[in-house]
$ cat query-v5.cif   # mmCIF, C-alpha atoms
data_upload
loop_
_atom_site.group_PDB
_atom_site.id
_atom_site.type_symbol
_atom_site.label_atom_id
_atom_site.label_comp_id
_atom_site.auth_asym_id
_atom_site.auth_seq_id
_atom_site.Cartn_x
_atom_site.Cartn_y
_atom_site.Cartn_z
ATOM 1 C CA MET A 1 120.838 55.478 103.516
ATOM 2 C CA THR A 2 123.201 56.105 106.396
ATOM 3 C CA LEU A 3 124.790 53.369 108.465
ATOM 4 C CA TRP A 4 124.602 52.819 112.192
ATOM 5 C CA ASN A 5 127.838 51.297 113.495
ATOM 6 C CA GLY A 6 128.448 49.769 110.103
ATOM 7 C CA GLU A 7 124.946 48.285 109.761
ATOM 8 C CA LEU A 8 121.728 49.450 108.181
ATOM 9 C CA PRO A 9 119.582 51.382 110.673
ATOM 10 C CA PHE A 10 116.806 48.802 110.678
ATOM 11 C CA TYR A 11 119.324 46.091 111.678
ATOM 12 C CA PRO A 12 120.867 47.633 114.832
ATOM 13 C CA GLN A 13 121.287 44.389 116.785
ATOM 14 C CA PRO A 14 123.590 41.428 116.038
ATOM 15 C CA ARG A 15 122.101 38.141 114.928
ATOM 16 C CA HIS A 16 122.151 35.186 117.273
ATOM 17 C CA PRO A 17 122.683 31.601 116.187
ATOM 18 C CA PRO A 18 120.197 28.918 117.252
ATOM 19 C CA GLY A 19 120.655 27.925 120.880
ATOM 20 C CA PHE A 20 119.359 25.427 123.414
ATOM 21 C CA SER A 21 116.315 26.238 125.533
ATOM 22 C CA VAL A 22 117.555 27.261 128.984
ATOM 23 C CA PRO A 23 114.458 26.049 130.929
ATOM 24 C CA LEU A 24 114.633 22.715 129.111
ATOM 25 C CA LEU A 25 118.311 22.397 129.992
ATOM 26 C CA ILE A 26 117.565 23.172 133.661
ATOM 27 C CA VAL A 27 114.866 20.474 133.806
ATOM 28 C CA ILE A 28 117.194 17.891 132.273
ATOM 29 C CA LEU A 29 120.019 18.780 134.666
ATOM 30 C CA VAL A 30 117.722 18.561 137.714
ATOM 31 C CA PHE A 31 116.492 15.082 136.849
ATOM 32 C CA LEU A 32 119.998 13.958 135.884
ATOM 33 C CA ALA A 33 121.182 15.130 139.312
ATOM 34 C CA LEU A 34 118.434 13.062 140.954
ATOM 35 C CA ALA A 35 119.413 10.025 138.888
ATOM 36 C CA ALA A 36 123.093 10.498 139.731
ATOM 37 C CA SER A 37 122.274 10.793 143.437
ATOM 38 C CA PHE A 38 120.393 7.512 143.307
ATOM 39 C CA LEU A 39 123.242 5.784 141.464
ATOM 40 C CA LEU A 40 125.619 6.883 144.224
ATOM 41 C CA ILE A 41 123.568 5.106 146.897
ATOM 42 C CA LEU A 42 122.759 2.112 144.688
ATOM 43 C CA PRO A 43 125.828 0.053 145.836
ATOM 44 C CA GLY A 44 124.451 0.201 149.378
ATOM 45 C CA ILE A 45 121.414 -1.863 148.356
ATOM 46 C CA ARG A 46 122.115 -5.544 148.836
ATOM 47 C CA GLY A 47 121.198 -8.525 146.734
ATOM 48 C CA GLN A 48 118.952 -8.716 143.722
ATOM 49 C CA SER A 49 116.780 -5.864 145.007
ATOM 50 C CA ARG A 50 119.485 -3.515 143.720
ATOM 51 C CA TRP A 51 118.427 -4.139 140.108
ATOM 52 C CA PHE A 52 114.722 -3.878 140.915
ATOM 53 C CA TRP A 53 115.295 -0.457 142.494
ATOM 54 C CA LEU A 54 117.497 0.595 139.580
ATOM 55 C CA VAL A 55 114.803 -0.122 137.001
ATOM 56 C CA ARG A 56 112.027 1.277 139.157
ATOM 57 C CA VAL A 57 113.671 4.591 140.050
ATOM 58 C CA LEU A 58 115.216 5.348 136.656
ATOM 59 C CA LEU A 59 111.980 4.523 134.842
ATOM 60 C CA SER A 60 110.016 6.769 137.183
ATOM 61 C CA LEU A 61 112.519 9.620 136.768
ATOM 62 C CA PHE A 62 112.313 9.287 132.997
ATOM 63 C CA ILE A 63 108.524 9.626 133.075
ATOM 64 C CA GLY A 64 108.648 12.662 135.352
ATOM 65 C CA ALA A 65 111.424 14.343 133.363
ATOM 66 C CA GLU A 66 109.599 13.839 130.084
ATOM 67 C CA ILE A 67 106.313 15.250 131.382
ATOM 68 C CA VAL A 68 108.036 18.430 132.600
ATOM 69 C CA ALA A 69 110.576 18.847 129.799
ATOM 70 C CA VAL A 70 108.104 18.825 126.908
ATOM 71 C CA HIS A 71 106.532 22.009 128.284
ATOM 72 C CA PHE A 72 109.672 23.890 127.241
ATOM 73 C CA SER A 73 110.293 22.045 123.978
ATOM 74 C CA ALA A 74 109.554 23.605 120.600
ATOM 75 C CA GLN A 75 109.416 20.207 118.901
ATOM 76 C CA TRP A 76 105.674 19.560 119.052
ATOM 77 C CA SER A 77 105.117 20.567 115.453
ATOM 78 C CA VAL A 78 108.047 21.207 113.125
ATOM 79 C CA GLY A 79 108.603 22.070 109.515
ATOM 80 C CA GLY A 80 111.398 23.226 107.269
ATOM 81 C CA MET A 81 112.275 23.943 103.669
ATOM 82 C CA ASN A 82 115.019 25.253 101.416
ATOM 83 C CA THR A 83 113.996 28.258 99.394
ATOM 84 C CA ASN A 84 115.213 31.305 97.519
ATOM 85 C CA THR A 85 113.498 34.316 99.014
ATOM 86 C CA SER A 86 113.842 38.028 99.682
ATOM 87 C CA TYR A 87 116.066 38.841 102.634
ATOM 88 C CA LYS A 88 115.065 42.227 104.028
ATOM 89 C CA ALA A 89 112.736 45.134 103.507
ATOM 90 C CA PHE A 90 113.436 47.857 100.957
ATOM 91 C CA SER A 91 115.818 45.577 99.092
ATOM 92 C CA ALA A 92 115.453 43.381 96.029
ATOM 93 C CA ALA A 93 118.292 41.105 97.142
ATOM 94 C CA ARG A 94 117.407 37.454 97.499
ATOM 95 C CA VAL A 95 119.141 34.727 99.469
ATOM 96 C CA SER A 96 119.184 30.950 99.421
ATOM 97 C CA ALA A 97 118.368 29.723 102.907
ATOM 98 C CA ASN A 98 116.856 26.994 105.028
ATOM 99 C CA VAL A 99 113.767 28.155 106.917
ATOM 100 C CA GLY A 100 112.521 26.223 109.942
ATOM 101 C CA LEU A 101 109.363 26.515 112.016
ATOM 102 C CA HIS A 102 109.192 24.905 115.470
ATOM 103 C CA VAL A 103 105.923 25.098 117.395
ATOM 104 C CA GLY A 104 105.762 24.381 121.129
ATOM 105 C CA LEU A 105 103.153 24.660 123.835
ATOM 106 C CA GLU A 106 104.216 28.183 124.805
ATOM 107 C CA GLY A 107 105.225 29.744 121.493
ATOM 108 C CA ILE A 108 107.101 29.283 118.249
ATOM 109 C CA ASN A 109 110.728 29.297 117.123
ATOM 110 C CA ILE A 110 111.632 30.472 113.637
ATOM 111 C CA THR A 111 115.083 29.728 112.259
ATOM 112 C CA LEU A 112 116.721 31.112 109.161
ATOM 113 C CA LYS A 113 120.105 29.834 108.035
ATOM 114 C CA GLY A 114 121.717 30.741 104.761
ATOM 115 C CA THR A 115 123.071 28.094 102.422
ATOM 116 C CA PRO A 116 125.889 29.078 102.548
ATOM 117 C CA VAL A 117 125.795 31.069 105.777
ATOM 118 C CA GLN A 118 127.816 33.959 104.358
ATOM 119 C CA GLN A 119 125.753 35.820 101.771
ATOM 120 C CA LEU A 120 125.413 39.508 100.864
ATOM 121 C CA ASN A 121 128.454 40.191 103.081
ATOM 122 C CA GLU A 122 126.421 39.093 106.125
ATOM 123 C CA THR A 123 126.085 36.062 108.360
ATOM 124 C CA ILE A 124 122.591 34.692 107.867
ATOM 125 C CA ASP A 125 121.928 32.630 110.988
ATOM 126 C CA TYR A 126 118.823 33.511 113.024
ATOM 127 C CA ASN A 127 116.813 31.881 115.757
ATOM 128 C CA GLU A 128 113.851 33.936 116.985
ATOM 129 C CA HIS A 129 111.346 32.932 119.668
ATOM 130 C CA PHE A 130 107.832 34.347 120.043
ATOM 131 C CA ASN A 131 105.813 33.542 123.185
ATOM 132 C CA TRP A 132 102.086 33.230 123.678
ATOM 133 C CA ARG A 133 102.052 31.738 127.170
ATOM 134 C CA LEU A 134 99.971 33.372 129.881
ATOM 135 C CA GLY A 135 101.315 36.788 130.802
ATOM 136 C CA GLU A 136 103.031 37.298 127.429
ATOM 137 C CA ASN A 137 101.793 39.467 124.561
ATOM 138 C CA TYR A 138 102.540 37.859 121.205
ATOM 139 C CA ALA A 139 101.488 40.943 119.239
ATOM 140 C CA GLU A 140 103.899 43.086 121.245
ATOM 141 C CA GLU A 141 106.764 40.687 120.584
ATOM 142 C CA TYR A 142 105.942 40.787 116.873
ATOM 143 C CA SER A 143 106.003 44.592 116.968
ATOM 144 C CA LYS A 144 109.449 44.479 118.577
ATOM 145 C CA ALA A 145 110.605 42.143 115.814
ATOM 146 C CA LEU A 146 109.463 44.708 113.246
ATOM 147 C CA GLU A 147 111.408 47.413 115.070
ATOM 148 C CA LYS A 148 114.511 45.235 115.133
ATOM 149 C CA GLY A 149 114.232 44.755 111.392
ATOM 150 C CA LEU A 150 114.376 40.990 111.291
ATOM 151 C CA PRO A 151 114.628 39.324 107.859
ATOM 152 C CA ASP A 152 111.515 38.987 105.727
ATOM 153 C CA PRO A 153 111.124 35.171 106.069
ATOM 154 C CA VAL A 154 111.128 35.435 109.896
ATOM 155 C CA LEU A 155 108.638 38.308 109.908
ATOM 156 C CA TYR A 156 106.419 36.567 107.355
ATOM 157 C CA LEU A 157 106.062 33.405 109.446
ATOM 158 C CA ALA A 158 105.713 35.337 112.689
ATOM 159 C CA GLU A 159 102.961 37.466 111.172
ATOM 160 C CA LYS A 160 100.944 34.360 110.281
ATOM 161 C CA PHE A 161 100.690 33.562 114.001
ATOM 162 C CA THR A 162 99.591 37.039 115.155
ATOM 163 C CA PRO A 163 96.077 37.360 116.671
ATOM 164 C CA SER A 164 95.002 39.704 113.865
ATOM 165 C CA SER A 165 96.106 37.360 111.075
ATOM 166 C CA PRO A 166 93.236 35.944 108.975
ATOM 167 C CA CYS A 167 94.970 32.548 109.052
ATOM 168 C CA GLY A 168 93.794 31.892 112.609
ATOM 169 C CA LEU A 169 96.975 29.984 113.518
ATOM 170 C CA TYR A 170 97.344 31.923 116.744
ATOM 171 C CA ARG A 171 93.995 30.804 118.140
ATOM 172 C CA GLN A 172 94.431 27.216 116.995
ATOM 173 C CA TYR A 173 97.941 26.599 118.299
ATOM 174 C CA ARG A 174 97.622 28.808 121.378
ATOM 175 C CA LEU A 175 94.456 27.126 122.655
ATOM 176 C CA ALA A 176 95.786 23.668 121.834
ATOM 177 C CA GLY A 177 99.046 24.477 123.639
ATOM 178 C CA HIS A 178 97.270 25.811 126.737
ATOM 179 C CA TYR A 179 95.039 22.749 127.091
ATOM 180 C CA ALA A 180 97.935 20.370 126.451
ATOM 181 C CA SER A 181 100.106 22.173 129.015
ATOM 182 C CA ALA A 182 97.348 22.126 131.658
ATOM 183 C CA THR A 183 96.695 18.397 131.276
ATOM 184 C CA LEU A 184 100.428 17.650 131.408
ATOM 185 C CA TRP A 185 100.760 19.464 134.741
ATOM 186 C CA VAL A 186 97.872 17.396 136.076
ATOM 187 C CA ALA A 187 99.662 14.273 134.827
ATOM 188 C CA PHE A 188 102.808 15.407 136.649
ATOM 189 C CA CYS A 189 100.864 15.762 139.917
ATOM 190 C CA PHE A 190 99.488 12.234 139.554
ATOM 191 C CA TRP A 191 103.000 10.990 138.779
ATOM 192 C CA LEU A 192 104.171 12.376 142.120
ATOM 193 C CA LEU A 193 101.166 10.767 143.817
ATOM 194 C CA SER A 194 101.847 7.394 142.180
ATOM 195 C CA ASN A 195 105.438 7.390 143.464
ATOM 196 C CA ALA A 196 104.233 8.086 146.985
ATOM 197 C CA LEU A 197 101.521 5.399 146.865
ATOM 198 C CA LEU A 198 103.795 2.750 145.368
ATOM 199 C CA SER A 199 106.192 3.332 148.258
ATOM 200 C CA MET A 200 103.392 2.452 150.697
ATOM 201 C CA PRO A 201 101.569 -0.864 151.156
ATOM 202 C CA VAL A 202 98.789 0.336 148.814
ATOM 203 C CA PRO A 203 99.965 -0.749 145.344
ATOM 204 C CA LEU A 204 96.412 -0.738 143.966
ATOM 205 C CA TYR A 205 96.069 3.010 144.426
ATOM 206 C CA GLY A 206 99.562 3.520 143.046
ATOM 207 C CA GLY A 207 98.541 1.620 139.918
ATOM 208 C CA LEU A 208 95.389 3.714 139.594
ATOM 209 C CA ALA A 209 97.477 6.871 139.912
ATOM 210 C CA LEU A 210 99.724 5.595 137.109
ATOM 211 C CA LEU A 211 96.669 4.960 134.955
ATOM 212 C CA THR A 212 95.493 8.510 135.596
ATOM 213 C CA THR A 213 98.964 9.835 134.746
ATOM 214 C CA GLY A 214 98.879 8.033 131.415
ATOM 215 C CA ALA A 215 95.320 9.186 130.717
ATOM 216 C CA PHE A 216 96.100 12.876 131.236
ATOM 217 C CA THR A 217 99.306 12.538 129.222
ATOM 218 C CA LEU A 218 97.290 11.170 126.321
ATOM 219 C CA PHE A 219 94.700 13.922 126.817
ATOM 220 C CA SER A 220 97.478 16.445 126.149
ATOM 221 C CA ILE A 221 98.276 14.617 122.917
ATOM 222 C CA PHE A 222 94.642 14.707 121.829
ATOM 223 C CA ALA A 223 94.397 18.408 122.735
ATOM 224 C CA PHE A 224 97.393 19.334 120.597
ATOM 225 C CA ALA A 225 96.356 17.018 117.765
ATOM 226 C CA SER A 226 92.990 18.786 117.574
ATOM 227 C CA ILE A 227 94.605 21.427 115.344
ATOM 228 C CA SER A 228 94.879 18.840 112.567
ATOM 229 C CA SER A 229 91.088 18.861 112.217
ATOM 230 C CA VAL A 230 91.189 22.521 111.120
ATOM 231 C CA PRO A 231 92.540 23.508 107.675
ATOM 232 C CA LEU A 232 95.785 25.399 108.204
ATOM 233 C CA CYS A 233 96.836 28.476 106.305
ATOM 234 C CA PRO A 234 99.453 27.753 103.598
ATOM 235 C CA LEU A 235 102.905 29.155 104.349
ATOM 236 C CA ARG A 236 104.666 30.169 101.131
ATOM 237 C CA LEU A 237 108.169 31.550 100.847
ATOM 238 C CA GLY A 238 109.350 32.171 97.320
ATOM 239 C CA SER A 239 108.256 29.247 95.194
ATOM 240 C CA SER A 240 108.186 26.780 98.089
ATOM 241 C CA THR A 241 105.513 25.896 100.635
ATOM 242 C CA LEU A 242 106.367 25.091 104.235
ATOM 243 C CA THR A 243 104.533 22.095 105.658
ATOM 244 C CA THR A 244 104.604 20.972 109.270
ATOM 245 C CA HIS A 245 104.396 17.592 110.961
ATOM 246 C CA TYR A 246 104.411 16.314 114.536
ATOM 247 C CA GLY A 247 107.835 16.527 116.136
ATOM 248 C CA ALA A 248 109.860 14.543 118.646
ATOM 249 C CA ALA A 249 108.148 16.032 121.730
ATOM 250 C CA PHE A 250 104.745 14.910 120.450
ATOM 251 C CA TRP A 251 105.804 11.308 119.835
ATOM 252 C CA VAL A 252 107.819 10.998 123.052
ATOM 253 C CA THR A 253 104.822 12.256 125.038
ATOM 254 C CA LEU A 254 102.592 9.749 123.268
ATOM 255 C CA ALA A 255 105.005 6.927 124.111
ATOM 256 C CA THR A 256 105.193 8.068 127.741
ATOM 257 C CA GLY A 257 101.400 8.074 128.049
ATOM 258 C CA ILE A 258 101.163 4.557 126.654
ATOM 259 C CA LEU A 259 103.984 3.422 128.969
ATOM 260 C CA CYS A 260 102.162 4.803 132.028
ATOM 261 C CA LEU A 261 98.969 3.035 130.973
ATOM 262 C CA LEU A 262 100.787 -0.274 130.537
ATOM 263 C CA LEU A 263 102.527 0.048 133.909
ATOM 264 C CA GLY A 264 99.258 0.992 135.605
ATOM 265 C CA VAL A 265 97.405 -1.948 134.048
ATOM 266 C CA ALA A 266 100.220 -4.292 135.093
ATOM 267 C CA VAL A 267 100.147 -3.075 138.709
ATOM 268 C CA VAL A 268 96.356 -3.301 138.997
ATOM 269 C CA SER A 269 96.257 -6.728 137.330
ATOM 270 C CA LEU A 270 98.976 -8.134 139.586
ATOM 271 C CA HIS A 271 97.206 -6.725 142.629
ATOM 272 C CA TYR A 272 94.160 -8.899 141.911
ATOM 273 C CA SER A 273 95.887 -11.941 140.402
ATOM 274 C CA ARG A 274 99.223 -12.222 142.268
ATOM 275 C CA PRO A 275 99.467 -9.725 145.125
ATOM 276 C CA GLY A 276 102.459 -11.507 146.648
ATOM 277 C CA ALA A 277 104.476 -11.208 143.446
ATOM 278 C CA LEU A 278 103.561 -7.531 143.202
ATOM 279 C CA ARG A 279 104.773 -6.833 146.735
ATOM 280 C CA THR A 280 107.979 -8.720 145.992
ATOM 281 C CA PHE A 281 108.604 -6.648 142.870
ATOM 282 C CA LEU A 282 107.915 -3.345 144.588
ATOM 283 C CA ASP A 283 110.143 -4.179 147.545
ATOM 284 C CA ARG A 284 112.346 -7.263 147.566
ATOM 285 C CA SER A 285 112.839 -6.985 151.338
ATOM 286 C CA VAL A 286 109.198 -7.994 151.815
ATOM 287 C CA LYS A 287 109.995 -11.478 150.573
ATOM 288 C CA ASP A 288 112.926 -11.885 152.932
ATOM 289 C CA TYR A 289 110.884 -10.625 155.868
ATOM 290 C CA GLY A 290 108.030 -12.952 154.941
ATOM 291 C CA ASN A 291 110.332 -15.951 154.923
ATOM 292 C CA GLN A 292 111.575 -15.037 158.368
ATOM 293 C CA VAL A 293 108.048 -14.663 159.731
ATOM 294 C CA LYS A 294 106.870 -17.962 158.271
ATOM 295 C CA GLY A 295 109.917 -19.905 159.489
ATOM 296 C CA SER A 296 109.624 -22.420 162.326
ATOM 297 C CA LEU A 297 113.083 -21.901 163.854
ATOM 298 C CA PRO A 298 112.831 -20.799 167.506
ATOM 299 C CA LEU A 299 114.279 -17.554 168.758
ATOM 300 C CA ILE A 300 116.455 -18.367 171.822
ATOM 301 C CA LEU A 301 117.052 -15.725 174.474
ATOM 302 C CA ASN A 302 119.914 -16.711 176.816
ATOM 303 C CA ASN A 303 121.335 -14.550 179.583
ATOM 304 C CA PRO A 304 125.011 -15.474 180.178
ATOM 305 C CA LEU A 305 125.126 -13.563 183.500
ATOM 306 C CA HIS A 306 122.589 -15.707 185.337
ATOM 307 C CA LYS A 307 125.303 -18.286 186.282
ATOM 308 C CA GLN A 308 127.164 -15.701 188.335
ATOM 309 C CA PHE A 309 124.245 -15.565 190.797
ATOM 310 C CA GLY A 310 123.679 -19.334 190.914
ATOM 311 C CA ALA A 311 120.453 -19.114 189.014
ATOM 312 C CA LEU A 312 118.972 -22.081 187.316
ATOM 313 C CA ASP A 313 120.073 -22.664 183.745
ATOM 314 C CA PHE A 314 117.033 -21.963 181.577
ATOM 315 C CA THR A 315 116.264 -20.586 178.197
ATOM 316 C CA ILE A 316 113.255 -18.776 176.835
ATOM 317 C CA SER A 317 112.169 -19.692 173.355
ATOM 318 C CA THR A 318 109.299 -18.673 171.196
ATOM 319 C CA ASN A 319 108.233 -19.416 167.658
ATOM 320 C CA LEU A 320 107.595 -16.412 165.361
#
$ encode --input "query-v5.cif" --output "structure tokens"
Amino acid sequence: MTLWNGELPFYPQPRHPPGFSVPLLIVILVFLALAASFLLILPGIRGQSRWFWLVRVLLSLFIGAEIVAVHFSAQWSVGGMNTNTSYKAFSAARVSANVGLHVGLEGINITLKGTPVQQLNETIDYNEHFNWRLGENYAEEYSKALEKGLPDPVLYLAEKFTPSSPCGLYRQYRLAGHYASATLWVAFCFWLLSNALLSMPVPLYGGLALLTTGAFTLFSIFAFASISSVPLCPLRLGSSTLTTHYGAAFWVTLATGILCLLLGVAVVSLHYSRPGALRTFLDRSVKDYGNQVKGSLPLILNNPLHKQFGALDFTISTNL
């Protein structure tokens, strides 16, 4: 078989090592920029209210960043194994490698890394992404992977998620990912609404918006977890079987949903039990203004120019 630029003809493109998701990195940088901007103006806030605003703003930014970032994370369901398996088509050569499967809301990532990396005079280090989000054709991406001549373990796992596969993984994970993504975007909208309402003198509605944010965040968890109720197709490579479990994005989203529910319950409860304390927590300046309004000291208005015209010496005072 002839070579093409020193490589077999069904491997015309160089392999790429695993990398970081660019959209996920952009989301993190945007929210970090917002947090840094707030920290720059934080010294201008006087008194103890500085720490209240610090906790309030950073906690809110964390919730918003998490809700958006998990859309682009492939850590919802993960699995990995070490196995000895065939490497490429039309060859009996086998390699020892670590195979990883990372399932997200918009597709899957399959990694293949040799142990050691250098085997068969090649660098075995792959990270391949296959999309099923709206507007993308998973079957077409799989066909392109066949044309590229990707290694057998990558093609085997990718084939299990094709629409025509009898395993049915494509329908299960794709539908679960679409519903989870939709409910998370709704949760993000209510998060924006809760920030606006909590900045107004309507903390009750802000608390209700937080409760709704937490509810839709948990709905996304339930939507993705629905795949566990369906028997999944076994994934075998060599003599090993790849099993998956919920990843970091799943558990962080669950924690964020519970956190939003707790914050919403706290705001609503304080609104009915101690509304004054709630207003003080949301804006420390309210307390200082309230003390000034309730004070009995008179406000004295004195015009120093009236003596120049021989006017009577008088003062005007009023109690606020």
$ atom_distance --input "query-v5.cif" --atom1 "atom CA of Thr83 of chain A" --atom2 "atom CA of Ala158 of chain A"
17.2 Å
$ resolve_selection --input "query-v5.cif" --expression "the PyMOL selection byres ((chain A and resi 109) around 6)" --output "list in words"
Leu101, His102, Ile108, Ile110, Glu128 and His129 of chain A
$ write_last_selection --input "query-v5.cif" --atoms "C-alpha atoms" --output "PDB file, keeping the file's coordinate frame"
ATOM      1  CA  LEU A 101     109.363  26.515 112.016  1.00  0.00           C
ATOM      2  CA  HIS A 102     109.192  24.905 115.470  1.00  0.00           C
ATOM      3  CA  ILE A 108     107.101  29.283 118.249  1.00  0.00           C
ATOM      4  CA  ILE A 110     111.632  30.472 113.637  1.00  0.00           C
ATOM      5  CA  GLU A 128     113.851  33.936 116.985  1.00  0.00           C
ATOM      6  CA  HIS A 129     111.346  32.932 119.668  1.00  0.00           C
TER       7      HIS A 129
END
$ residues_around --input "query-v5.cif" --residues "Gly114 of chain A" --least-positions-apart "3" --cutoff "6 Å" --atoms "only C-alpha atoms" --output "PyMOL selection string"
chain A and resi 96-97+117+124
$ write_last_selection --input "query-v5.cif" --atoms "C-alpha atoms" --output "PDB file, in the coordinates of the input"
ATOM      1  CA  SER A  96     119.184  30.950  99.421  1.00  0.00           C
ATOM      2  CA  ALA A  97     118.368  29.723 102.907  1.00  0.00           C
ATOM      3  CA  VAL A 117     125.795  31.069 105.777  1.00  0.00           C
ATOM      4  CA  ILE A 124     122.591  34.692 107.867  1.00  0.00           C
TER       5      ILE A 124
END
$ atom_distance --input "query-v5.cif" --atom1 "atom CA of Ala36 of chain A" --atom2 "atom CA of Trp191 of chain A"
20.1 Å
$ resolve_selection --input "query-v5.cif" --expression "the PyMOL selection byres ((chain A and resi 112) around 6)" --output "PyMOL selection string"
chain A and resi 98-99+111+113+125-126
$ residues_around --input "query-v5.cif" --residues "Ile227 of chain A" --least-positions-apart "6" --cutoff "7 Å" --atoms "all atoms listed in the file" --output "list in words"
Gln172, Tyr173 and Ala176 of chain A
$ residues_near_point --input "query-v5.cif" --point "(107.4, 26.9, 108.3)" --cutoff "8 Å" --atoms "all atoms listed in the file" --output "PyMOL selection string"
chain A and resi 78-81+99-102+110+157+235+241-244
$ closest_residue --input "query-v5.cif" --among "A:Thr115, A:Ser194, A:Leu204, A:Leu25" --to "Leu278 of chain A" --atoms "all atoms listed in the file"
A:Leu204
$ closest_residue --input "query-v5.cif" --among "A:Ile63, A:Leu254, A:Leu120, A:Ala249" --to "Ser86 of chain A" --atoms "all atoms listed in the file"
A:Leu120
$ atom_distance --input "query-v5.cif" --atom1 "atom CA of Leu237 of chain A" --atom2 "atom CA of Asp152 of chain A"
9.5 Å
$ resolve_selection --input "query-v5.cif" --expression "the PyMOL selection byres ((chain A and resi 215) around 10)" --output "list in words"
Thr183, Leu184, Ala187, Ala209, Leu210, Leu211, Thr212, Thr213, Gly214, Phe216, Thr217, Leu218, Phe219, Ser220, Ile221, Gly257, Ile258, Cys260 and Leu261 of chain A
$ closest_residue --input "query-v5.cif" --among "A:His271, A:Pro151, A:Leu262, A:Leu54" --to "Ser91 of chain A" --atoms "all atoms listed in the file"
A:Pro151
$ residues_around --input "query-v5.cif" --residues "Val30 of chain A" --least-positions-apart "2" --cutoff "12 Å" --atoms "only C-alpha atoms" --output "list in words"
Pro23, Leu24, Leu25, Ile26, Val27, Ile28, Leu32, Ala33, Leu34, Ala35, Ala36, Ser37, Leu61, Phe62, Gly64, Ala65, Val68 and Ala69 of chain A
$ closest_residue --input "query-v5.cif" --among "A:Leu146, A:Leu155, A:Ala223, A:Ala89" --to "Phe250 of chain A" --atoms "only C-alpha atoms"
A:Ala223
$ residues_near_point --input "query-v5.cif" --point "(102.3, -4.8, 144.2)" --cutoff "9 Å" --atoms "only C-alpha atoms" --output "ChimeraX atom specification"
/A:198,201-204,206-207,267-268,270-271,274-283
$ axis_aligned_box --input "query-v5.cif" --around "segment 60-76 of chain A" --padding-each-side "5 Å" --output "AutoDock Vina command-line options"
--center_x 109.1 --center_y 15.3 --center_z 128.0 --size_x 16.8 --size_y 27.1 --size_z 28.3
$ closest_residue --input "query-v5.cif" --among "A:Tyr138, A:Gln118, A:Gln48, A:Arg174" --to "Glu159 of chain A" --atoms "all atoms listed in the file"
A:Tyr138
$ closest_residue --input "query-v5.cif" --among "A:Lys148, A:Ala92, A:Ile67, A:Phe190" --to "Tyr205 of chain A" --atoms "all atoms listed in the file"
A:Phe190
$ build_atoms --input "query-v5.cif" --residues "segment 125-137 of chain A" --atoms "N, CA and C atoms" --output "PDB file, keeping the file's coordinate frame"
ATOM      1  N   ASP A 125     122.118  33.712 110.021  1.00  0.00           N
ATOM      2  CA  ASP A 125     121.928  32.630 110.988  1.00  0.00           C
ATOM      3  C   ASP A 125     121.069  33.175 112.126  1.00  0.00           C
ATOM      4  N   TYR A 126     119.773  32.935 112.069  1.00  0.00           N
ATOM      5  CA  TYR A 126     118.823  33.511 113.024  1.00  0.00           C
ATOM      6  C   TYR A 126     118.065  32.406 113.756  1.00  0.00           C
ATOM      7  N   ASN A 127     117.725  32.728 114.988  1.00  0.00           N
ATOM      8  CA  ASN A 127     116.813  31.881 115.757  1.00  0.00           C
ATOM      9  C   ASN A 127     115.977  32.816 116.629  1.00  0.00           C
ATOM     10  N   GLU A 128     114.726  32.989 116.291  1.00  0.00           N
ATOM     11  CA  GLU A 128     113.851  33.936 116.985  1.00  0.00           C
ATOM     12  C   GLU A 128     112.699  33.190 117.643  1.00  0.00           C
ATOM     13  N   HIS A 129     112.423  33.566 118.907  1.00  0.00           N
ATOM     14  CA  HIS A 129     111.346  32.932 119.668  1.00  0.00           C
ATOM     15  C   HIS A 129     110.251  33.944 119.955  1.00  0.00           C
ATOM     16  N   PHE A 130     109.002  33.521 119.779  1.00  0.00           N
ATOM     17  CA  PHE A 130     107.832  34.347 120.043  1.00  0.00           C
ATOM     18  C   PHE A 130     106.917  33.582 120.996  1.00  0.00           C
ATOM     19  N   ASN A 131     106.598  34.201 122.134  1.00  0.00           N
ATOM     20  CA  ASN A 131     105.813  33.542 123.185  1.00  0.00           C
ATOM     21  C   ASN A 131     104.342  33.903 123.086  1.00  0.00           C
ATOM     22  N   TRP A 132     103.504  32.934 123.469  1.00  0.00           N
ATOM     23  CA  TRP A 132     102.086  33.230 123.678  1.00  0.00           C
ATOM     24  C   TRP A 132     101.570  32.642 124.992  1.00  0.00           C
ATOM     25  N   ARG A 133     102.480  32.268 125.889  1.00  0.00           N
ATOM     26  CA  ARG A 133     102.052  31.738 127.170  1.00  0.00           C
ATOM     27  C   ARG A 133     101.362  32.840 127.980  1.00  0.00           C
ATOM     28  N   LEU A 134     100.707  32.425 129.053  1.00  0.00           N
ATOM     29  CA  LEU A 134      99.971  33.372 129.881  1.00  0.00           C
ATOM     30  C   LEU A 134     100.916  34.439 130.435  1.00  0.00           C
ATOM     31  N   GLY A 135     100.490  35.683 130.342  1.00  0.00           N
ATOM     32  CA  GLY A 135     101.315  36.788 130.802  1.00  0.00           C
ATOM     33  C   GLY A 135     102.194  37.388 129.730  1.00  0.00           C
ATOM     34  N   GLU A 136     102.235  36.790 128.533  1.00  0.00           N
ATOM     35  CA  GLU A 136     103.031  37.298 127.429  1.00  0.00           C
ATOM     36  C   GLU A 136     102.110  37.814 126.329  1.00  0.00           C
ATOM     37  N   ASN A 137     102.558  38.853 125.645  1.00  0.00           N
ATOM     38  CA  ASN A 137     101.793  39.467 124.561  1.00  0.00           C
ATOM     39  C   ASN A 137     102.491  39.171 123.243  1.00  0.00           C
TER      40      ASN A 137
END
